[in-house]
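Below is final-v1.pdb, which holds PDB, C-alpha atoms.
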```pdb
ATOM      1  CA  MET A   1      -2.513 -40.345  33.635  1.00  0.00           C
ATOM      2  CA  PRO A   2      -5.599 -42.378  34.613  1.00  0.00           C
ATOM      3  CA  ASP A   3      -5.426 -45.915  35.932  1.00  0.00           C
ATOM      4  CA  LEU A   4      -6.615 -47.267  32.558  1.00  0.00           C
ATOM      5  CA  ALA A   5      -9.665 -49.101  33.878  1.00  0.00           C
ATOM      6  CA  ASN A   6     -11.589 -48.005  30.772  1.00  0.00           C
ATOM      7  CA  ILE A   7     -11.311 -46.091  27.553  1.00  0.00           C
ATOM      8  CA  VAL A   8     -13.737 -43.173  27.252  1.00  0.00           C
ATOM      9  CA  PHE A   9     -14.644 -41.597  23.900  1.00  0.00           C
ATOM     10  CA  ILE A  10     -15.749 -37.958  23.977  1.00  0.00           C
ATOM     11  CA  GLY A  11     -16.439 -35.547  21.143  1.00  0.00           C
ATOM     12  CA  PRO A  12     -19.213 -34.008  19.090  1.00  0.00           C
ATOM     13  CA  MET A  13     -22.049 -35.856  17.418  1.00  0.00           C
ATOM     14  CA  GLY A  14     -20.895 -37.505  14.225  1.00  0.00           C
ATOM     15  CA  ALA A  15     -17.295 -37.914  15.407  1.00  0.00           C
ATOM     16  CA  GLY A  16     -17.608 -41.716  15.501  1.00  0.00           C
ATOM     17  CA  LYS A  17     -17.931 -42.354  19.232  1.00  0.00           C
ATOM     18  CA  THR A  18     -20.431 -45.170  18.684  1.00  0.00           C
ATOM     19  CA  SER A  19     -19.369 -46.577  15.312  1.00  0.00           C
ATOM     20  CA  LEU A  20     -15.645 -46.521  16.100  1.00  0.00           C
ATOM     21  CA  GLY A  21     -16.280 -47.388  19.737  1.00  0.00           C
ATOM     22  CA  ARG A  22     -17.836 -50.756  18.883  1.00  0.00           C
ATOM     23  CA  ARG A  23     -14.980 -51.705  16.581  1.00  0.00           C
ATOM     24  CA  VAL A  24     -12.155 -50.497  18.833  1.00  0.00           C
ATOM     25  CA  ALA A  25     -13.696 -52.183  21.883  1.00  0.00           C
ATOM     26  CA  GLU A  26     -13.728 -55.490  20.040  1.00  0.00           C
ATOM     27  CA  LEU A  27     -10.167 -54.962  18.855  1.00  0.00           C
ATOM     28  CA  LEU A  28      -8.934 -54.287  22.402  1.00  0.00           C
ATOM     29  CA  GLY A  29     -11.070 -56.895  24.161  1.00  0.00           C
ATOM     30  CA  LEU A  30     -13.295 -54.407  25.972  1.00  0.00           C
ATOM     31  CA  VAL A  31     -17.050 -54.278  26.488  1.00  0.00           C
ATOM     32  CA  PHE A  32     -18.618 -51.480  24.447  1.00  0.00           C
ATOM     33  CA  VAL A  33     -21.109 -49.246  26.290  1.00  0.00           C
ATOM     34  CA  ASP A  34     -22.913 -46.246  24.786  1.00  0.00           C
ATOM     35  CA  ALA A  35     -24.238 -43.952  27.534  1.00  0.00           C
ATOM     36  CA  ASP A  36     -27.085 -42.643  25.359  1.00  0.00           C
ATOM     37  CA  GLN A  37     -28.192 -46.193  24.526  1.00  0.00           C
ATOM     38  CA  VAL A  38     -28.209 -47.069  28.228  1.00  0.00           C
ATOM     39  CA  ILE A  39     -30.454 -44.053  28.895  1.00  0.00           C
ATOM     40  CA  GLU A  40     -32.806 -45.091  26.085  1.00  0.00           C
ATOM     41  CA  GLN A  41     -32.967 -48.692  27.323  1.00  0.00           C
ATOM     42  CA  ARG A  42     -33.730 -47.636  30.887  1.00  0.00           C
ATOM     43  CA  THR A  43     -36.385 -45.083  30.011  1.00  0.00           C
ATOM     44  CA  GLY A  44     -37.928 -46.991  27.129  1.00  0.00           C
ATOM     45  CA  ALA A  45     -37.827 -43.739  25.175  1.00  0.00           C
ATOM     46  CA  SER A  46     -35.578 -42.287  22.515  1.00  0.00           C
ATOM     47  CA  ILE A  47     -33.341 -39.298  23.259  1.00  0.00           C
ATOM     48  CA  PRO A  48     -35.607 -36.975  21.183  1.00  0.00           C
ATOM     49  CA  VAL A  49     -38.649 -38.079  23.196  1.00  0.00           C
ATOM     50  CA  ILE A  50     -36.798 -37.483  26.474  1.00  0.00           C
ATOM     51  CA  PHE A  51     -35.833 -33.997  25.248  1.00  0.00           C
ATOM     52  CA  GLU A  52     -39.430 -33.347  24.187  1.00  0.00           C
ATOM     53  CA  CYS A  53     -40.915 -34.481  27.519  1.00  0.00           C
ATOM     54  CA  GLU A  54     -38.255 -33.355  29.988  1.00  0.00           C
ATOM     55  CA  GLY A  55     -36.204 -30.821  28.067  1.00  0.00           C
ATOM     56  CA  GLU A  56     -32.438 -30.835  27.861  1.00  0.00           C
ATOM     57  CA  ALA A  57     -32.166 -30.263  31.624  1.00  0.00           C
ATOM     58  CA  GLY A  58     -34.161 -33.439  32.352  1.00  0.00           C
ATOM     59  CA  PHE A  59     -32.040 -35.415  29.942  1.00  0.00           C
ATOM     60  CA  ARG A  60     -28.826 -34.108  31.543  1.00  0.00           C
ATOM     61  CA  VAL A  61     -29.996 -35.305  34.983  1.00  0.00           C
ATOM     62  CA  ARG A  62     -30.498 -38.814  33.586  1.00  0.00           C
ATOM     63  CA  GLU A  63     -27.177 -38.638  31.749  1.00  0.00           C
ATOM     64  CA  LYS A  64     -25.303 -37.626  34.907  1.00  0.00           C
ATOM     65  CA  ALA A  65     -26.641 -40.620  36.846  1.00  0.00           C
ATOM     66  CA  VAL A  66     -25.738 -43.034  34.032  1.00  0.00           C
ATOM     67  CA  ILE A  67     -22.242 -41.548  33.598  1.00  0.00           C
ATOM     68  CA  ALA A  68     -21.556 -41.898  37.343  1.00  0.00           C
ATOM     69  CA  GLU A  69     -22.693 -45.524  37.293  1.00  0.00           C
ATOM     70  CA  LEU A  70     -20.793 -46.499  34.151  1.00  0.00           C
ATOM     71  CA  CYS A  71     -17.589 -44.787  35.256  1.00  0.00           C
ATOM     72  CA  ALA A  72     -17.563 -46.945  38.406  1.00  0.00           C
ATOM     73  CA  LYS A  73     -17.088 -50.061  36.240  1.00  0.00           C
ATOM     74  CA  SER A  74     -13.991 -51.240  34.414  1.00  0.00           C
ATOM     75  CA  GLY A  75     -13.007 -53.125  31.280  1.00  0.00           C
ATOM     76  CA  GLN A  76     -15.152 -51.110  28.930  1.00  0.00           C
ATOM     77  CA  LEU A  77     -14.990 -48.613  26.134  1.00  0.00           C
ATOM     78  CA  LEU A  78     -17.527 -45.945  27.033  1.00  0.00           C
ATOM     79  CA  ALA A  79     -19.001 -43.681  24.360  1.00  0.00           C
ATOM     80  CA  THR A  80     -20.542 -40.546  25.828  1.00  0.00           C
ATOM     81  CA  GLY A  81     -23.044 -38.160  24.374  1.00  0.00           C
ATOM     82  CA  GLY A  82     -21.519 -34.982  22.975  1.00  0.00           C
ATOM     83  CA  GLY A  83     -22.808 -32.831  25.836  1.00  0.00           C
ATOM     84  CA  ALA A  84     -21.817 -35.153  28.693  1.00  0.00           C
ATOM     85  CA  VAL A  85     -18.669 -33.065  29.229  1.00  0.00           C
ATOM     86  CA  LEU A  86     -20.658 -29.940  30.082  1.00  0.00           C
ATOM     87  CA  ASP A  87     -21.148 -31.054  33.694  1.00  0.00           C
ATOM     88  CA  ALA A  88     -18.115 -30.717  35.998  1.00  0.00           C
ATOM     89  CA  GLU A  89     -19.000 -33.878  37.942  1.00  0.00           C
ATOM     90  CA  ASN A  90     -19.259 -35.843  34.681  1.00  0.00           C
ATOM     91  CA  ARG A  91     -15.845 -34.548  33.606  1.00  0.00           C
ATOM     92  CA  ALA A  92     -14.299 -35.630  36.917  1.00  0.00           C
ATOM     93  CA  ALA A  93     -15.935 -39.068  36.702  1.00  0.00           C
ATOM     94  CA  LEU A  94     -14.818 -39.564  33.082  1.00  0.00           C
ATOM     95  CA  LYS A  95     -11.262 -38.558  33.926  1.00  0.00           C
ATOM     96  CA  ARG A  96     -11.151 -41.010  36.861  1.00  0.00           C
ATOM     97  CA  ALA A  97     -12.708 -43.762  34.744  1.00  0.00           C
ATOM     98  CA  GLY A  98      -9.764 -44.221  32.412  1.00  0.00           C
ATOM     99  CA  LEU A  99      -8.088 -43.025  29.255  1.00  0.00           C
ATOM    100  CA  VAL A 100     -10.137 -40.201  27.709  1.00  0.00           C
ATOM    101  CA  VAL A 101      -9.966 -39.960  23.921  1.00  0.00           C
ATOM    102  CA  TYR A 102     -11.335 -36.909  22.104  1.00  0.00           C
ATOM    103  CA  LEU A 103     -12.605 -37.862  18.657  1.00  0.00           C
ATOM    104  CA  GLN A 104     -12.211 -34.586  16.835  1.00  0.00           C
ATOM    105  CA  THR A 105     -13.996 -33.796  13.597  1.00  0.00           C
ATOM    106  CA  SER A 106     -14.993 -30.772  11.548  1.00  0.00           C
ATOM    107  CA  VAL A 107     -18.504 -29.368  11.291  1.00  0.00           C
ATOM    108  CA  GLU A 108     -18.495 -30.261   7.577  1.00  0.00           C
ATOM    109  CA  GLN A 109     -17.676 -33.879   8.381  1.00  0.00           C
ATOM    110  CA  GLN A 110     -20.325 -33.963  11.109  1.00  0.00           C
ATOM    111  CA  LEU A 111     -22.961 -32.744   8.651  1.00  0.00           C
ATOM    112  CA  ALA A 112     -21.966 -35.352   6.086  1.00  0.00           C
ATOM    113  CA  ARG A 113     -22.131 -38.156   8.665  1.00  0.00           C
ATOM    114  CA  ILE A 114     -25.412 -37.235  10.347  1.00  0.00           C
ATOM    115  CA  GLU A 115     -27.381 -35.524   7.570  1.00  0.00           C
ATOM    116  CA  ARG A 116     -30.145 -38.159   7.587  1.00  0.00           C
ATOM    117  CA  ASP A 117     -30.147 -38.820  11.338  1.00  0.00           C
ATOM    118  CA  ARG A 118     -33.342 -37.473  12.922  1.00  0.00           C
ATOM    119  CA  ASN A 119     -32.319 -38.731  16.377  1.00  0.00           C
ATOM    120  CA  ARG A 120     -30.411 -35.495  17.166  1.00  0.00           C
ATOM    121  CA  PRO A 121     -32.705 -33.148  19.089  1.00  0.00           C
ATOM    122  CA  LEU A 122     -30.145 -30.335  19.239  1.00  0.00           C
ATOM    123  CA  LEU A 123     -30.112 -30.242  15.422  1.00  0.00           C
ATOM    124  CA  GLN A 124     -33.839 -29.823  14.926  1.00  0.00           C
ATOM    125  CA  THR A 125     -33.286 -26.288  13.739  1.00  0.00           C
ATOM    126  CA  PRO A 126     -33.483 -24.477  10.370  1.00  0.00           C
ATOM    127  CA  ASP A 127     -29.670 -24.203  10.228  1.00  0.00           C
ATOM    128  CA  PRO A 128     -27.987 -27.358  11.602  1.00  0.00           C
ATOM    129  CA  ALA A 129     -24.535 -26.161  10.419  1.00  0.00           C
ATOM    130  CA  ALA A 130     -24.820 -22.976  12.470  1.00  0.00           C
ATOM    131  CA  ARG A 131     -25.942 -25.013  15.489  1.00  0.00           C
ATOM    132  CA  LEU A 132     -22.956 -27.375  15.117  1.00  0.00           C
ATOM    133  CA  ARG A 133     -20.578 -24.389  14.889  1.00  0.00           C
ATOM    134  CA  GLU A 134     -22.147 -22.940  18.036  1.00  0.00           C
ATOM    135  CA  LEU A 135     -21.765 -26.255  19.899  1.00  0.00           C
ATOM    136  CA  ALA A 136     -18.157 -26.594  18.692  1.00  0.00           C
ATOM    137  CA  ALA A 137     -17.300 -23.076  19.850  1.00  0.00           C
ATOM    138  CA  HIS A 138     -18.540 -23.935  23.326  1.00  0.00           C
ATOM    139  CA  ARG A 139     -17.459 -27.582  23.667  1.00  0.00           C
ATOM    140  CA  ASN A 140     -14.207 -28.110  21.744  1.00  0.00           C
ATOM    141  CA  ALA A 141     -12.045 -26.454  24.403  1.00  0.00           C
ATOM    142  CA  ILE A 142     -13.663 -28.671  27.053  1.00  0.00           C
ATOM    143  CA  TYR A 143     -12.996 -31.781  24.965  1.00  0.00           C
ATOM    144  CA  ARG A 144      -9.342 -30.799  24.476  1.00  0.00           C
ATOM    145  CA  GLU A 145      -8.814 -30.046  28.153  1.00  0.00           C
ATOM    146  CA  LEU A 146     -10.356 -33.328  29.290  1.00  0.00           C
ATOM    147  CA  ALA A 147      -8.650 -35.583  26.742  1.00  0.00           C
ATOM    148  CA  ASP A 148      -5.574 -37.686  27.342  1.00  0.00           C
ATOM    149  CA  LEU A 149      -5.406 -38.309  23.572  1.00  0.00           C
ATOM    150  CA  THR A 150      -6.947 -36.548  20.569  1.00  0.00           C
ATOM    151  CA  PHE A 151      -7.768 -38.391  17.351  1.00  0.00           C
ATOM    152  CA  ASP A 152      -8.868 -36.529  14.214  1.00  0.00           C
ATOM    153  CA  SER A 153     -11.459 -38.693  12.479  1.00  0.00           C
ATOM    154  CA  ASP A 154     -11.995 -36.408   9.462  1.00  0.00           C
ATOM    155  CA  ASP A 155     -11.684 -37.818   5.957  1.00  0.00           C
ATOM    156  CA  MET A 156     -11.458 -41.450   7.091  1.00  0.00           C
ATOM    157  CA  ASN A 157     -13.963 -44.196   6.620  1.00  0.00           C
ATOM    158  CA  ALA A 158     -14.813 -46.245   9.708  1.00  0.00           C
ATOM    159  CA  GLU A 159     -12.456 -49.109   8.811  1.00  0.00           C
ATOM    160  CA  THR A 160      -9.422 -46.847   8.294  1.00  0.00           C
ATOM    161  CA  ALA A 161     -10.204 -44.770  11.369  1.00  0.00           C
ATOM    162  CA  CYS A 162     -10.563 -47.915  13.471  1.00  0.00           C
ATOM    163  CA  GLU A 163      -7.217 -49.238  12.264  1.00  0.00           C
ATOM    164  CA  HIS A 164      -5.426 -45.948  12.994  1.00  0.00           C
ATOM    165  CA  LEU A 165      -7.153 -45.433  16.327  1.00  0.00           C
ATOM    166  CA  GLY A 166      -6.607 -49.047  17.356  1.00  0.00           C
ATOM    167  CA  ASN A 167      -2.887 -48.704  16.653  1.00  0.00           C
ATOM    168  CA  LEU A 168      -2.730 -45.436  18.593  1.00  0.00           C
ATOM    169  CA  LEU A 169      -4.559 -46.896  21.584  1.00  0.00           C
ATOM    170  CA  ALA A 170      -2.584 -50.138  21.559  1.00  0.00           C
ATOM    171  CA  GLY A 171       0.424 -48.091  22.625  1.00  0.00           C
ATOM    172  CA  HIS A 172      -1.514 -46.725  25.605  1.00  0.00           C
ATOM    173  CA  TRP A 173      -3.719 -49.647  26.536  1.00  0.00           C
ATOM    174  CA  PRO A 174      -2.506 -52.866  28.166  1.00  0.00           C
ATOM    175  CA  ALA A 175      -3.624 -56.146  26.665  1.00  0.00           C
ATOM    176  CA  PRO A 176      -6.435 -57.671  28.688  1.00  0.00           C
ATOM    177  CA  ALA A 177      -5.072 -59.863  31.445  1.00  0.00           C
ATOM    178  CA  ARG A 178      -6.137 -63.450  31.120  1.00  0.00           C
ATOM    179  CA  GLN A 179      -7.354 -65.014  34.313  1.00  0.00           C
ATOM    180  CA  PRO A 180      -5.894 -68.450  35.004  1.00  0.00           C
ATOM    181  CA  GLU A 181      -8.466 -71.154  34.734  1.00  0.00           C
ATOM    182  CA  THR A 182      -9.225 -72.879  37.969  1.00  0.00           C
ATOM    183  CA  SER A 183     -10.869 -76.189  38.437  1.00  0.00           C
ATOM    184  CA  THR A 184     -12.675 -77.387  41.442  1.00  0.00           C
ATOM    185  CA  PRO A 185     -12.128 -80.950  42.586  1.00  0.00           C
TER
END
```
Once you've parsed the file, please lay out its structure as structure tokens.
Amino acid sequence: MPDLANIVFIGPMGAGKTSLGRRVAELLGLVFVDADQVIEQRTGASIPVIFECEGEAGFRVREKAVIAELCAKSGQLLATGGGAVLDAENRAALKRAGLVVYLQTSVEQQLARIERDRNRPLLQTPDPAARLRELAAHRNAIYRELADLTFDSDDMNAETACEHLGNLLAGHWPAPARQPETSTP
């Protein structure tokens, strides 16, 4: 079991890594960090633009550097991109970083959650459902192997999922330690 410096959310797009991550981080007193948002802030470009200019390989290089940096910090809930687990060094860093939680969801649920989202370069295809099935066939075993806990987020709204996930994690996550206040004379 990891040293519990962080909680790391992994899983496919549309599983709730960002939406649940924000809520659960607040519930547990952690800082929420989304790796994809960090990449966008640093580059000044959206993920689709990075994919368009540098391809997936260029994006993955940026992602690897950000994952390494974020995993060296503590006290955070880190939401990764769905493909972050494809790199062996990322997997090792995520595992060392803390408690890894796989947010599992079905392709049907993914489609329902992200149907209007145009910020998904891997889904810019005539058949997004087929692409999601292809990604799931390749990635789900990696997610399961890496995870310390698996949470099925299907058929739950964000509020219900947050409540269930928060309760599950509370049993695995220590309450934040309060630092004694010190005064200087």
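Atom to atom, CA of Ala158 in chain A and CA of Arg22 in chain A stand 10.7 Å apart.
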> Could you tell me, as an MDAnalysis selection string, which residues have any atom at most 7 Å from (-13.7, -54.5, 27.1), counting all atoms listed in the file?
Replying inline: chainID A and resid 25 28:32 75:77
> If you apply the PyMOL selection byres ((chain A and resi 74) around 12) to this file, what residues do you get, as a list in words?
Replying inline: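 Selected by the PyMOL selection byres ((chain A and resi 74) around 12) here: Asp3, Leu4, Ala5, Asn6, Ile7, Val8, Leu30, Val31, Phe32, Val33, Glu69, Leu70, Cys71, Ala72, Lys73, Gly75, Gln76, Leu77, Leu78, Leu94, Arg96, Ala97, Gly98, Leu99 and Pro176 of chain A.
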>> Which residues would end up in the selection if the PyMOL selection byres ((chain A and resi 139) around 10) were applied here, given that I need the answer as a PyMOL selection string?
In response: chain A and resi 11-12+82-83+85-86+133-138+140-144
Generate a file of the selected residues that holds C-alpha atoms, formatted as a PDB file, in the frame of the given file.
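So selection_10.pdb came out as:
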```
ATOM      1  CA  GLY A  11     -16.439 -35.547  21.143  1.00  0.00           C
ATOM      2  CA  PRO A  12     -19.213 -34.008  19.090  1.00  0.00           C
ATOM      3  CA  GLY A  82     -21.519 -34.982  22.975  1.00  0.00           C
ATOM      4  CA  GLY A  83     -22.808 -32.831  25.836  1.00  0.00           C
ATOM      5  CA  VAL A  85     -18.669 -33.065  29.229  1.00  0.00           C
ATOM      6  CA  LEU A  86     -20.658 -29.940  30.082  1.00  0.00           C
ATOM      7  CA  ARG A 133     -20.578 -24.389  14.889  1.00  0.00           C
ATOM      8  CA  GLU A 134     -22.147 -22.940  18.036  1.00  0.00           C
ATOM      9  CA  LEU A 135     -21.765 -26.255  19.899  1.00  0.00           C
ATOM     10  CA  ALA A 136     -18.157 -26.594  18.692  1.00  0.00           C
ATOM     11  CA  ALA A 137     -17.300 -23.076  19.850  1.00  0.00           C
ATOM     12  CA  HIS A 138     -18.540 -23.935  23.326  1.00  0.00           C
ATOM     13  CA  ASN A 140     -14.207 -28.110  21.744  1.00  0.00           C
ATOM     14  CA  ALA A 141     -12.045 -26.454  24.403  1.00  0.00           C
ATOM     15  CA  ILE A 142     -13.663 -28.671  27.053  1.00  0.00           C
ATOM     16  CA  TYR A 143     -12.996 -31.781  24.965  1.00  0.00           C
ATOM     17  CA  ARG A 144      -9.342 -30.799  24.476  1.00  0.00           C
TER      18      ARG A 144
END
```
> For the atom pair CA of Met13 in chain A and CA of Gly81 in chain A, what is the interatomic distance in Å to one decimal place?
Replying inline: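 That distance, rounded to one decimal, is 7.4 Å.
When CA of Asp155 in chain A is paired with CA of Gly21 in chain A, their separation reads 17.4 Å.
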